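Structure data (compact mmCIF, N, CA and C atoms) from target-v4.txt:
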# COMPACT_ATOMS: atom_id res chain seq x y z
N MET A 1 14.31 -16.95 1.21
CA MET A 1 13.71 -16.09 0.21
C MET A 1 14.31 -14.69 0.34
N SER A 2 14.61 -14.06 -0.77
CA SER A 2 15.16 -12.70 -0.78
C SER A 2 14.05 -11.67 -0.66
N TRP A 3 14.39 -10.54 -0.05
CA TRP A 3 13.47 -9.41 0.08
C TRP A 3 14.16 -8.19 -0.50
N TYR A 4 13.38 -7.34 -1.18
CA TYR A 4 13.90 -6.11 -1.76
C TYR A 4 12.97 -4.95 -1.46
N LEU A 5 13.56 -3.78 -1.25
CA LEU A 5 12.82 -2.55 -1.07
C LEU A 5 13.16 -1.64 -2.24
N HIS A 6 12.14 -1.19 -2.93
CA HIS A 6 12.30 -0.33 -4.10
C HIS A 6 11.75 1.05 -3.77
N GLY A 7 12.35 2.09 -4.32
CA GLY A 7 11.86 3.45 -4.14
C GLY A 7 11.65 4.11 -5.49
N SER A 8 10.69 5.00 -5.55
CA SER A 8 10.39 5.67 -6.81
C SER A 8 11.06 7.03 -6.92
N GLY A 9 11.42 7.62 -5.79
CA GLY A 9 11.80 9.03 -5.83
C GLY A 9 10.54 9.87 -6.04
N ARG A 10 10.72 11.18 -6.09
CA ARG A 10 9.58 12.09 -6.25
C ARG A 10 9.06 12.02 -7.68
N LYS A 11 7.75 11.84 -7.81
CA LYS A 11 7.10 11.75 -9.11
C LYS A 11 5.99 12.79 -9.19
N THR A 12 5.58 13.14 -10.41
CA THR A 12 4.49 14.09 -10.59
C THR A 12 3.20 13.34 -10.93
N ARG A 13 2.11 14.05 -10.77
CA ARG A 13 0.77 13.49 -11.02
C ARG A 13 0.67 12.84 -12.40
N ASN A 14 1.33 13.41 -13.41
CA ASN A 14 1.20 12.87 -14.76
C ASN A 14 2.00 11.59 -14.98
N THR A 15 2.69 11.08 -13.94
CA THR A 15 3.37 9.79 -14.04
C THR A 15 2.66 8.70 -13.24
N TRP A 16 1.45 8.98 -12.76
CA TRP A 16 0.68 8.00 -11.98
C TRP A 16 0.48 6.71 -12.77
N HIS A 17 0.46 6.81 -14.11
CA HIS A 17 0.28 5.63 -14.96
C HIS A 17 1.36 4.57 -14.70
N GLU A 18 2.54 4.99 -14.21
CA GLU A 18 3.60 4.02 -13.89
C GLU A 18 3.14 3.07 -12.80
N LEU A 19 2.43 3.60 -11.80
CA LEU A 19 1.89 2.74 -10.74
C LEU A 19 0.75 1.88 -11.27
N LEU A 20 -0.09 2.46 -12.11
CA LEU A 20 -1.21 1.69 -12.66
C LEU A 20 -0.71 0.52 -13.49
N GLU A 21 0.37 0.70 -14.23
CA GLU A 21 0.92 -0.39 -15.03
C GLU A 21 1.40 -1.54 -14.15
N LEU A 22 1.97 -1.20 -13.00
CA LEU A 22 2.46 -2.20 -12.07
C LEU A 22 1.34 -2.80 -11.22
N ALA A 23 0.52 -1.94 -10.64
CA ALA A 23 -0.38 -2.37 -9.56
C ALA A 23 -1.85 -2.08 -9.83
N GLY A 24 -2.22 -1.82 -11.06
CA GLY A 24 -3.60 -1.47 -11.38
C GLY A 24 -4.63 -2.51 -10.95
N GLY A 25 -4.25 -3.78 -10.91
CA GLY A 25 -5.18 -4.84 -10.52
C GLY A 25 -5.07 -5.27 -9.09
N TRP A 26 -4.16 -4.65 -8.32
CA TRP A 26 -3.97 -5.04 -6.93
C TRP A 26 -5.08 -4.47 -6.06
N THR A 27 -5.24 -5.01 -4.85
CA THR A 27 -6.14 -4.43 -3.86
C THR A 27 -5.44 -3.22 -3.26
N ALA A 28 -6.16 -2.11 -3.15
CA ALA A 28 -5.59 -0.88 -2.58
C ALA A 28 -6.50 -0.36 -1.48
N SER A 29 -5.91 0.33 -0.50
CA SER A 29 -6.66 0.95 0.60
C SER A 29 -6.21 2.38 0.77
N TRP A 30 -7.18 3.28 0.97
CA TRP A 30 -6.90 4.67 1.29
C TRP A 30 -8.18 5.29 1.84
N ALA A 31 -8.03 6.41 2.50
CA ALA A 31 -9.18 7.15 3.03
C ALA A 31 -9.14 8.55 2.44
N ASP A 32 -10.31 9.04 2.06
CA ASP A 32 -10.43 10.41 1.59
C ASP A 32 -11.75 10.99 2.08
N HIS A 33 -12.17 12.12 1.54
CA HIS A 33 -13.39 12.76 2.02
C HIS A 33 -14.66 11.95 1.71
N LEU A 34 -14.55 10.94 0.87
CA LEU A 34 -15.70 10.07 0.58
C LEU A 34 -15.78 8.88 1.52
N GLY A 35 -14.71 8.65 2.31
CA GLY A 35 -14.69 7.53 3.23
C GLY A 35 -13.46 6.66 3.02
N PHE A 36 -13.54 5.44 3.55
CA PHE A 36 -12.45 4.48 3.43
C PHE A 36 -12.68 3.61 2.21
N HIS A 37 -11.65 3.48 1.39
CA HIS A 37 -11.74 2.69 0.16
C HIS A 37 -10.91 1.42 0.29
N GLN A 38 -11.42 0.35 -0.22
CA GLN A 38 -10.63 -0.86 -0.42
C GLN A 38 -11.08 -1.41 -1.76
N ASP A 39 -10.28 -1.10 -2.77
CA ASP A 39 -10.67 -1.32 -4.15
C ASP A 39 -9.41 -1.42 -5.00
N LYS A 40 -9.52 -1.36 -6.28
CA LYS A 40 -8.37 -1.32 -7.17
C LYS A 40 -7.71 0.05 -7.06
N LEU A 41 -6.46 0.14 -7.48
CA LEU A 41 -5.75 1.40 -7.50
C LEU A 41 -6.54 2.42 -8.33
N PRO A 42 -6.74 3.64 -7.82
CA PRO A 42 -7.53 4.61 -8.57
C PRO A 42 -6.79 5.09 -9.83
N ALA A 43 -7.54 5.57 -10.81
CA ALA A 43 -6.98 6.00 -12.09
C ALA A 43 -6.09 7.23 -11.96
N GLU A 44 -6.32 8.04 -10.93
CA GLU A 44 -5.52 9.23 -10.67
C GLU A 44 -5.15 9.23 -9.19
N PRO A 45 -4.11 10.00 -8.82
CA PRO A 45 -3.77 10.07 -7.39
C PRO A 45 -4.98 10.53 -6.58
N PRO A 46 -5.36 9.79 -5.55
CA PRO A 46 -6.53 10.19 -4.76
C PRO A 46 -6.21 11.38 -3.85
N LYS A 47 -7.24 12.01 -3.37
CA LYS A 47 -7.08 13.13 -2.44
C LYS A 47 -6.89 12.55 -1.03
N THR A 48 -5.68 12.11 -0.78
CA THR A 48 -5.32 11.49 0.49
C THR A 48 -3.85 11.74 0.72
N THR A 49 -3.32 11.28 1.84
CA THR A 49 -1.88 11.40 2.07
C THR A 49 -1.16 10.09 1.85
N HIS A 50 -1.84 8.97 2.10
CA HIS A 50 -1.21 7.66 1.94
C HIS A 50 -2.17 6.67 1.30
N LEU A 51 -1.58 5.75 0.58
CA LEU A 51 -2.32 4.67 -0.06
C LEU A 51 -1.45 3.42 0.06
N TRP A 52 -2.09 2.29 0.30
CA TRP A 52 -1.39 1.00 0.35
C TRP A 52 -2.04 0.09 -0.68
N ALA A 53 -1.24 -0.77 -1.29
CA ALA A 53 -1.77 -1.75 -2.24
C ALA A 53 -0.97 -3.03 -2.10
N TRP A 54 -1.59 -4.17 -2.47
CA TRP A 54 -0.89 -5.44 -2.30
C TRP A 54 -1.39 -6.49 -3.28
N THR A 55 -0.49 -7.42 -3.53
CA THR A 55 -0.77 -8.64 -4.27
C THR A 55 0.21 -9.68 -3.76
N ARG A 56 0.18 -10.85 -4.29
CA ARG A 56 1.05 -11.93 -3.80
C ARG A 56 2.53 -11.54 -3.87
N HIS A 57 3.19 -11.55 -2.71
CA HIS A 57 4.62 -11.28 -2.54
C HIS A 57 5.03 -9.84 -2.86
N ARG A 58 4.06 -8.92 -2.94
CA ARG A 58 4.38 -7.52 -3.22
C ARG A 58 3.46 -6.60 -2.43
N TRP A 59 4.07 -5.57 -1.82
CA TRP A 59 3.34 -4.62 -1.00
C TRP A 59 3.80 -3.22 -1.36
N LEU A 60 2.86 -2.33 -1.62
CA LEU A 60 3.13 -0.98 -2.08
C LEU A 60 2.66 0.03 -1.05
N ARG A 61 3.46 1.05 -0.84
CA ARG A 61 3.09 2.17 0.04
C ARG A 61 3.35 3.44 -0.74
N VAL A 62 2.33 4.30 -0.84
CA VAL A 62 2.44 5.52 -1.63
C VAL A 62 2.11 6.72 -0.76
N ARG A 63 2.95 7.73 -0.82
CA ARG A 63 2.71 9.02 -0.17
C ARG A 63 2.25 9.97 -1.27
N VAL A 64 1.11 10.63 -1.06
CA VAL A 64 0.57 11.58 -2.03
C VAL A 64 0.59 12.96 -1.41
N ASP A 65 1.11 13.94 -2.15
CA ASP A 65 1.18 15.32 -1.67
C ASP A 65 0.84 16.25 -2.82
N HIS A 66 -0.42 16.58 -2.94
CA HIS A 66 -0.94 17.44 -4.01
C HIS A 66 -0.56 16.88 -5.38
N ASP A 67 0.35 17.54 -6.08
CA ASP A 67 0.70 17.12 -7.44
C ASP A 67 1.88 16.16 -7.50
N HIS A 68 2.31 15.64 -6.35
CA HIS A 68 3.46 14.74 -6.32
C HIS A 68 3.13 13.47 -5.55
N TRP A 69 3.88 12.42 -5.85
CA TRP A 69 3.76 11.16 -5.11
C TRP A 69 5.12 10.50 -5.03
N TRP A 70 5.30 9.69 -4.01
CA TRP A 70 6.49 8.89 -3.77
C TRP A 70 6.00 7.49 -3.42
N ALA A 71 6.65 6.47 -3.93
CA ALA A 71 6.21 5.11 -3.63
C ALA A 71 7.38 4.27 -3.14
N ALA A 72 7.06 3.33 -2.29
CA ALA A 72 8.01 2.30 -1.87
C ALA A 72 7.34 0.96 -2.13
N LEU A 73 8.11 0.02 -2.61
CA LEU A 73 7.59 -1.31 -2.92
C LEU A 73 8.44 -2.34 -2.21
N LEU A 74 7.81 -3.16 -1.39
CA LEU A 74 8.46 -4.26 -0.71
C LEU A 74 8.15 -5.53 -1.48
N VAL A 75 9.18 -6.27 -1.85
CA VAL A 75 9.02 -7.46 -2.68
C VAL A 75 9.67 -8.66 -2.01
N GLU A 76 8.94 -9.76 -1.94
CA GLU A 76 9.50 -11.04 -1.50
C GLU A 76 9.76 -11.85 -2.77
N GLY A 77 11.04 -12.12 -3.04
CA GLY A 77 11.39 -12.85 -4.26
C GLY A 77 12.37 -12.04 -5.08
N ASN A 78 12.09 -11.89 -6.35
CA ASN A 78 13.00 -11.19 -7.26
C ASN A 78 12.73 -9.70 -7.28
N LYS A 79 13.81 -8.91 -7.36
CA LYS A 79 13.64 -7.47 -7.47
C LYS A 79 13.01 -7.12 -8.80
N ILE A 80 12.46 -5.91 -8.87
CA ILE A 80 11.79 -5.43 -10.07
C ILE A 80 12.65 -4.34 -10.70
N GLU A 81 12.87 -4.45 -11.97
CA GLU A 81 13.66 -3.45 -12.69
C GLU A 81 12.73 -2.56 -13.51
N GLY A 82 13.12 -1.34 -13.73
CA GLY A 82 12.39 -0.43 -14.60
C GLY A 82 11.52 0.55 -13.84
N PRO A 83 10.92 1.50 -14.58
CA PRO A 83 10.14 2.57 -13.97
C PRO A 83 9.02 2.02 -13.11
N PRO A 84 8.71 2.65 -12.00
CA PRO A 84 9.33 3.87 -11.51
C PRO A 84 10.48 3.63 -10.54
N TRP A 85 10.97 2.43 -10.46
CA TRP A 85 11.90 2.04 -9.40
C TRP A 85 13.35 2.38 -9.71
N ILE A 86 14.00 2.91 -8.69
CA ILE A 86 15.42 3.22 -8.79
C ILE A 86 16.16 2.47 -7.70
N ALA A 87 17.28 1.87 -8.04
CA ALA A 87 18.19 1.22 -7.09
C ALA A 87 17.48 0.31 -6.08
N PRO A 88 16.91 -0.83 -6.51
CA PRO A 88 16.33 -1.77 -5.54
C PRO A 88 17.38 -2.17 -4.50
N GLU A 89 16.98 -2.24 -3.26
CA GLU A 89 17.89 -2.51 -2.16
C GLU A 89 17.50 -3.81 -1.47
N PRO A 90 18.44 -4.76 -1.32
CA PRO A 90 18.10 -5.96 -0.55
C PRO A 90 17.89 -5.60 0.92
N VAL A 91 16.90 -6.21 1.54
CA VAL A 91 16.62 -5.96 2.96
C VAL A 91 16.40 -7.30 3.67
N ASP A 92 16.56 -7.26 4.98
CA ASP A 92 16.25 -8.44 5.78
C ASP A 92 14.74 -8.68 5.76
N PRO A 93 14.30 -9.91 6.01
CA PRO A 93 12.85 -10.16 6.07
C PRO A 93 12.20 -9.21 7.08
N PRO A 94 11.04 -8.66 6.74
CA PRO A 94 10.36 -7.72 7.65
C PRO A 94 9.70 -8.44 8.82
N ASN A 95 9.38 -7.68 9.85
CA ASN A 95 8.50 -8.19 10.90
C ASN A 95 7.09 -8.21 10.32
N ILE A 96 6.40 -9.33 10.45
CA ILE A 96 5.05 -9.47 9.91
C ILE A 96 4.09 -9.76 11.06
N THR A 97 3.08 -8.91 11.19
CA THR A 97 2.14 -9.01 12.31
C THR A 97 0.72 -9.01 11.78
N PRO A 98 -0.12 -9.95 12.20
CA PRO A 98 -1.54 -9.89 11.81
C PRO A 98 -2.24 -8.76 12.57
N PHE A 99 -3.27 -8.18 11.96
CA PHE A 99 -4.07 -7.18 12.65
C PHE A 99 -5.50 -7.22 12.12
N THR A 100 -6.41 -6.64 12.88
CA THR A 100 -7.81 -6.54 12.47
C THR A 100 -8.01 -5.19 11.82
N ASN A 101 -8.50 -5.21 10.60
CA ASN A 101 -8.71 -3.98 9.85
C ASN A 101 -9.86 -3.19 10.47
N TRP A 102 -9.56 -2.04 11.04
CA TRP A 102 -10.53 -1.12 11.61
C TRP A 102 -11.22 -1.58 12.89
N GLY A 103 -10.98 -2.76 13.38
CA GLY A 103 -11.66 -3.20 14.61
C GLY A 103 -13.05 -3.70 14.31
N SER A 104 -13.94 -3.56 15.29
CA SER A 104 -15.29 -4.11 15.14
C SER A 104 -16.32 -2.99 14.99
N HIS A 105 -17.51 -3.37 14.55
CA HIS A 105 -18.61 -2.40 14.39
C HIS A 105 -18.92 -1.70 15.71
N ARG A 106 -18.74 -2.38 16.81
CA ARG A 106 -19.09 -1.81 18.11
C ARG A 106 -18.09 -0.75 18.59
N THR A 107 -16.83 -0.89 18.19
CA THR A 107 -15.81 0.02 18.71
C THR A 107 -15.42 1.13 17.74
N VAL A 108 -15.73 1.01 16.47
CA VAL A 108 -15.32 2.00 15.49
C VAL A 108 -16.42 3.03 15.29
N LYS A 109 -16.10 4.28 15.57
CA LYS A 109 -17.09 5.36 15.45
C LYS A 109 -16.89 6.18 14.17
N GLN A 110 -15.65 6.36 13.73
CA GLN A 110 -15.38 7.25 12.61
C GLN A 110 -15.34 6.56 11.26
N TYR A 111 -15.53 5.26 11.21
CA TYR A 111 -15.46 4.54 9.94
C TYR A 111 -16.64 4.88 9.05
N ARG A 112 -16.34 5.27 7.82
CA ARG A 112 -17.37 5.50 6.82
C ARG A 112 -16.88 4.85 5.53
N PRO A 113 -17.52 3.79 5.10
CA PRO A 113 -17.04 3.10 3.90
C PRO A 113 -17.40 3.86 2.63
N ALA A 114 -16.45 3.92 1.71
CA ALA A 114 -16.77 4.37 0.36
C ALA A 114 -17.44 3.19 -0.34
N ALA A 115 -18.05 3.42 -1.46
CA ALA A 115 -18.73 2.35 -2.20
C ALA A 115 -17.76 1.19 -2.44
N GLY A 116 -18.19 -0.01 -2.09
CA GLY A 116 -17.37 -1.20 -2.28
C GLY A 116 -16.55 -1.59 -1.07
N ALA A 117 -16.51 -0.75 -0.04
CA ALA A 117 -15.71 -1.06 1.15
C ALA A 117 -16.58 -1.33 2.37
N GLU A 118 -17.82 -1.70 2.14
CA GLU A 118 -18.75 -1.93 3.26
C GLU A 118 -18.36 -3.14 4.10
N ASP A 119 -17.63 -4.08 3.55
CA ASP A 119 -17.29 -5.31 4.27
C ASP A 119 -15.90 -5.30 4.90
N VAL A 120 -15.33 -4.12 5.05
CA VAL A 120 -13.95 -4.03 5.56
C VAL A 120 -13.89 -4.27 7.07
N LEU A 121 -14.89 -3.84 7.82
CA LEU A 121 -14.85 -4.03 9.27
C LEU A 121 -14.82 -5.52 9.59
N ASN A 122 -14.12 -5.84 10.64
CA ASN A 122 -13.99 -7.22 11.13
C ASN A 122 -13.21 -8.14 10.21
N ARG A 123 -12.37 -7.60 9.33
CA ARG A 123 -11.48 -8.46 8.53
C ARG A 123 -10.36 -8.92 9.45
N TYR A 124 -10.20 -10.21 9.56
CA TYR A 124 -9.18 -10.77 10.45
C TYR A 124 -8.01 -11.36 9.67
N ASP A 125 -7.91 -11.03 8.39
CA ASP A 125 -6.86 -11.61 7.55
C ASP A 125 -5.81 -10.59 7.11
N MET A 126 -5.71 -9.47 7.81
CA MET A 126 -4.79 -8.42 7.41
C MET A 126 -3.40 -8.63 8.03
N LEU A 127 -2.37 -8.17 7.29
CA LEU A 127 -0.98 -8.25 7.74
C LEU A 127 -0.33 -6.89 7.69
N GLN A 128 0.52 -6.63 8.66
CA GLN A 128 1.37 -5.44 8.67
C GLN A 128 2.80 -5.92 8.49
N LEU A 129 3.52 -5.36 7.54
CA LEU A 129 4.91 -5.75 7.26
C LEU A 129 5.80 -4.53 7.53
N VAL A 130 6.81 -4.71 8.37
CA VAL A 130 7.70 -3.60 8.72
C VAL A 130 9.14 -4.02 8.48
N PRO A 131 9.73 -3.51 7.38
CA PRO A 131 11.16 -3.77 7.18
C PRO A 131 11.96 -3.00 8.22
N LEU A 132 12.91 -3.66 8.84
CA LEU A 132 13.69 -3.02 9.91
C LEU A 132 14.89 -2.31 9.28
N ARG A 133 14.82 -1.00 9.25
CA ARG A 133 15.86 -0.17 8.67
C ARG A 133 16.02 1.07 9.53
N GLN A 134 16.99 1.90 9.18
CA GLN A 134 17.20 3.14 9.93
C GLN A 134 15.97 4.03 9.83
N THR A 135 15.41 4.17 8.63
CA THR A 135 14.13 4.85 8.46
C THR A 135 13.18 3.80 7.90
N THR A 136 12.05 3.66 8.51
CA THR A 136 11.16 2.58 8.11
C THR A 136 9.72 3.05 8.05
N ALA A 137 8.93 2.37 7.30
CA ALA A 137 7.50 2.63 7.21
C ALA A 137 6.82 1.28 7.06
N LEU A 138 5.58 1.23 7.43
CA LEU A 138 4.89 -0.06 7.36
C LEU A 138 4.16 -0.22 6.05
N PHE A 139 4.02 -1.48 5.66
CA PHE A 139 3.27 -1.89 4.49
C PHE A 139 2.12 -2.75 4.99
N ILE A 140 1.02 -2.77 4.25
CA ILE A 140 -0.08 -3.65 4.67
C ILE A 140 -0.48 -4.55 3.50
N GLY A 141 -1.09 -5.66 3.86
CA GLY A 141 -1.58 -6.63 2.90
C GLY A 141 -2.55 -7.55 3.59
N ASP A 142 -2.82 -8.68 2.99
CA ASP A 142 -3.66 -9.67 3.65
C ASP A 142 -3.00 -11.04 3.52
N ASN A 143 -3.62 -12.04 4.13
CA ASN A 143 -3.01 -13.37 4.17
C ASN A 143 -2.74 -13.96 2.79
N THR A 144 -3.46 -13.53 1.77
CA THR A 144 -3.24 -14.08 0.44
C THR A 144 -1.91 -13.63 -0.15
N THR A 145 -1.30 -12.60 0.40
CA THR A 145 -0.04 -12.08 -0.14
C THR A 145 1.16 -12.93 0.26
N ARG A 146 1.04 -13.75 1.28
CA ARG A 146 2.15 -14.59 1.76
C ARG A 146 1.93 -15.98 1.29
Represent the structure of the file as structure tokens.
Amino acid sequence: MSWYLHGSGRKTRNTWHELLELAGGWTASWADHLGFHQDKLPAEPPKTTHLWAWTRHRWLRVRVDHDHWWAALLVEGNKIEGPPWIAPEPVDPPNITPFTNWGSHRTVKQYRPAAGAEDVLNRYDMLQLVPLRQTTALFIGDNTTR
């Protein structure tokens, strides 16, 4: 199976709709002053620094910085053409590692769920995907994405 890494380049807040068109129905995770969210992609860039989203064979990582955002999309299968992606790059299969989302109720002290994320603790179906490149960042998803 082929793997591709897509980049968006620097985007402005008013182009967030490009991500919504692609990933509006995907599961997304981020933390902000309201707590930890695990829900659909928000309608506007959230007040956070990073957001992850996933669906079957696709994993999204977004960096948010005030009025700008940058996204990377890891795809297993066919590359995606069109906005916001520029120059999809073939990559070797990533390292994929299972992990427990947030640990357990007994060990997590700082976890505060936003509405809809009350059941996130003790999820044992999460995956971390790390494409091995000179500069790399991790993507997250769950077992349904593979």
Need to verify the contact set: Gly141 of chain A, 7 Å, all atoms listed in the file, exclusion of same-chain residues closer than 4 positions in sequence. Can you return it as an mmCIF file with N, CA and C atoms, keeping the file's coordinate frame?
data_model
loop_
_atom_site.group_PDB
_atom_site.id
_atom_site.type_symbol
_atom_site.label_atom_id
_atom_site.label_comp_id
_atom_site.auth_asym_id
_atom_site.auth_seq_id
_atom_site.Cartn_x
_atom_site.Cartn_y
_atom_site.Cartn_z
ATOM 1 N N ALA A 53 -1.240 -0.770 -1.290
ATOM 2 C CA ALA A 53 -1.770 -1.750 -2.240
ATOM 3 C C ALA A 53 -0.970 -3.030 -2.100
ATOM 4 N N TRP A 54 -1.590 -4.170 -2.470
ATOM 5 C CA TRP A 54 -0.890 -5.440 -2.300
ATOM 6 C C TRP A 54 -1.390 -6.490 -3.280
ATOM 7 N N THR A 55 -0.490 -7.420 -3.530
ATOM 8 C CA THR A 55 -0.770 -8.640 -4.270
ATOM 9 C C THR A 55 0.210 -9.680 -3.760
ATOM 10 N N TRP A 59 4.070 -5.570 -1.820
ATOM 11 C CA TRP A 59 3.340 -4.620 -1.000
ATOM 12 C C TRP A 59 3.800 -3.220 -1.360
ATOM 13 N N ASP A 125 -7.910 -11.030 8.390
ATOM 14 C CA ASP A 125 -6.860 -11.610 7.550
ATOM 15 C C ASP A 125 -5.810 -10.590 7.110
ATOM 16 N N MET A 126 -5.710 -9.470 7.810
ATOM 17 C CA MET A 126 -4.790 -8.420 7.410
ATOM 18 C C MET A 126 -3.400 -8.630 8.030
ATOM 19 N N LEU A 127 -2.370 -8.170 7.290
ATOM 20 C CA LEU A 127 -0.980 -8.250 7.740
ATOM 21 C C LEU A 127 -0.330 -6.890 7.690
ATOM 22 N N GLN A 128 0.520 -6.630 8.660
ATOM 23 C CA GLN A 128 1.370 -5.440 8.670
ATOM 24 C C GLN A 128 2.800 -5.920 8.490
ATOM 25 N N LEU A 129 3.520 -5.360 7.540
ATOM 26 C CA LEU A 129 4.910 -5.750 7.260
ATOM 27 C C LEU A 129 5.800 -4.530 7.530
ATOM 28 N N THR A 145 -1.300 -12.600 0.400
ATOM 29 C CA THR A 145 -0.040 -12.080 -0.140
ATOM 30 C C THR A 145 1.160 -12.930 0.260
#
Point to revise | Residues near Arg112 of chain A, cut-off 5 Å, only N, CA and C atoms, skip fewer than 2 positions along chain, as a ChimeraX atom specification | key: /A:35-36,110,114
So which residues touch Trp85 of chain A within 6.5 Å, counting only N, CA and C atoms, skipping near sequence neighbours fewer than 3 positions away, as a short mmCIF file (atom, residue, chain, number, x, y, z; two decimals) with N, CA and C atoms, keeping the file's coordinate frame?
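part.cif, freshly written:
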data_model
loop_
_atom_site.label_atom_id
_atom_site.label_comp_id
_atom_site.auth_asym_id
_atom_site.auth_seq_id
_atom_site.Cartn_x
_atom_site.Cartn_y
_atom_site.Cartn_z
N HIS A 6 12.14 -1.19 -2.93
CA HIS A 6 12.30 -0.33 -4.10
C HIS A 6 11.75 1.05 -3.77
N GLY A 7 12.35 2.09 -4.32
CA GLY A 7 11.86 3.45 -4.14
C GLY A 7 11.65 4.11 -5.49
N SER A 8 10.69 5.00 -5.55
CA SER A 8 10.39 5.67 -6.81
C SER A 8 11.06 7.03 -6.92
N GLU A 81 12.87 -4.45 -11.97
CA GLU A 81 13.66 -3.45 -12.69
C GLU A 81 12.73 -2.56 -13.51
N GLY A 82 13.12 -1.34 -13.73
CA GLY A 82 12.39 -0.43 -14.60
C GLY A 82 11.52 0.55 -13.84
N PRO A 88 16.91 -0.83 -6.51
CA PRO A 88 16.33 -1.77 -5.54
C PRO A 88 17.38 -2.17 -4.50
#
Practice item. Per DSSP on the backbone, filter chain A down to the residues in strand (DSSP E) and report them as a VMD selection string. Key: chain A and resid 3 to 7 11 to 12 27 to 32 35 to 40 50 to 55 58 to 65 68 to 76 86 to 91 95 to 101 123 to 130 139 to 142
Point to revise | For Pro98 of chain A, the nearest of the candidates A:Ser2, A:Tyr124, A:Arg146, A:Val64, counting only N, CA and C atoms | key: A:Tyr124
Review point. Counting only C-alpha atoms, which of A:Ile80, A:Pro113, A:Thr144, A:Val91 gets nearest to Pro131 of chain A?
Key: A:Val91
**Study point:** atom CA of Arg63 of chain A to atom N of Met1 of chain A, distance in Å rounded to a single decimal
**Key:**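 These two atoms are separated by 28.5 Å.
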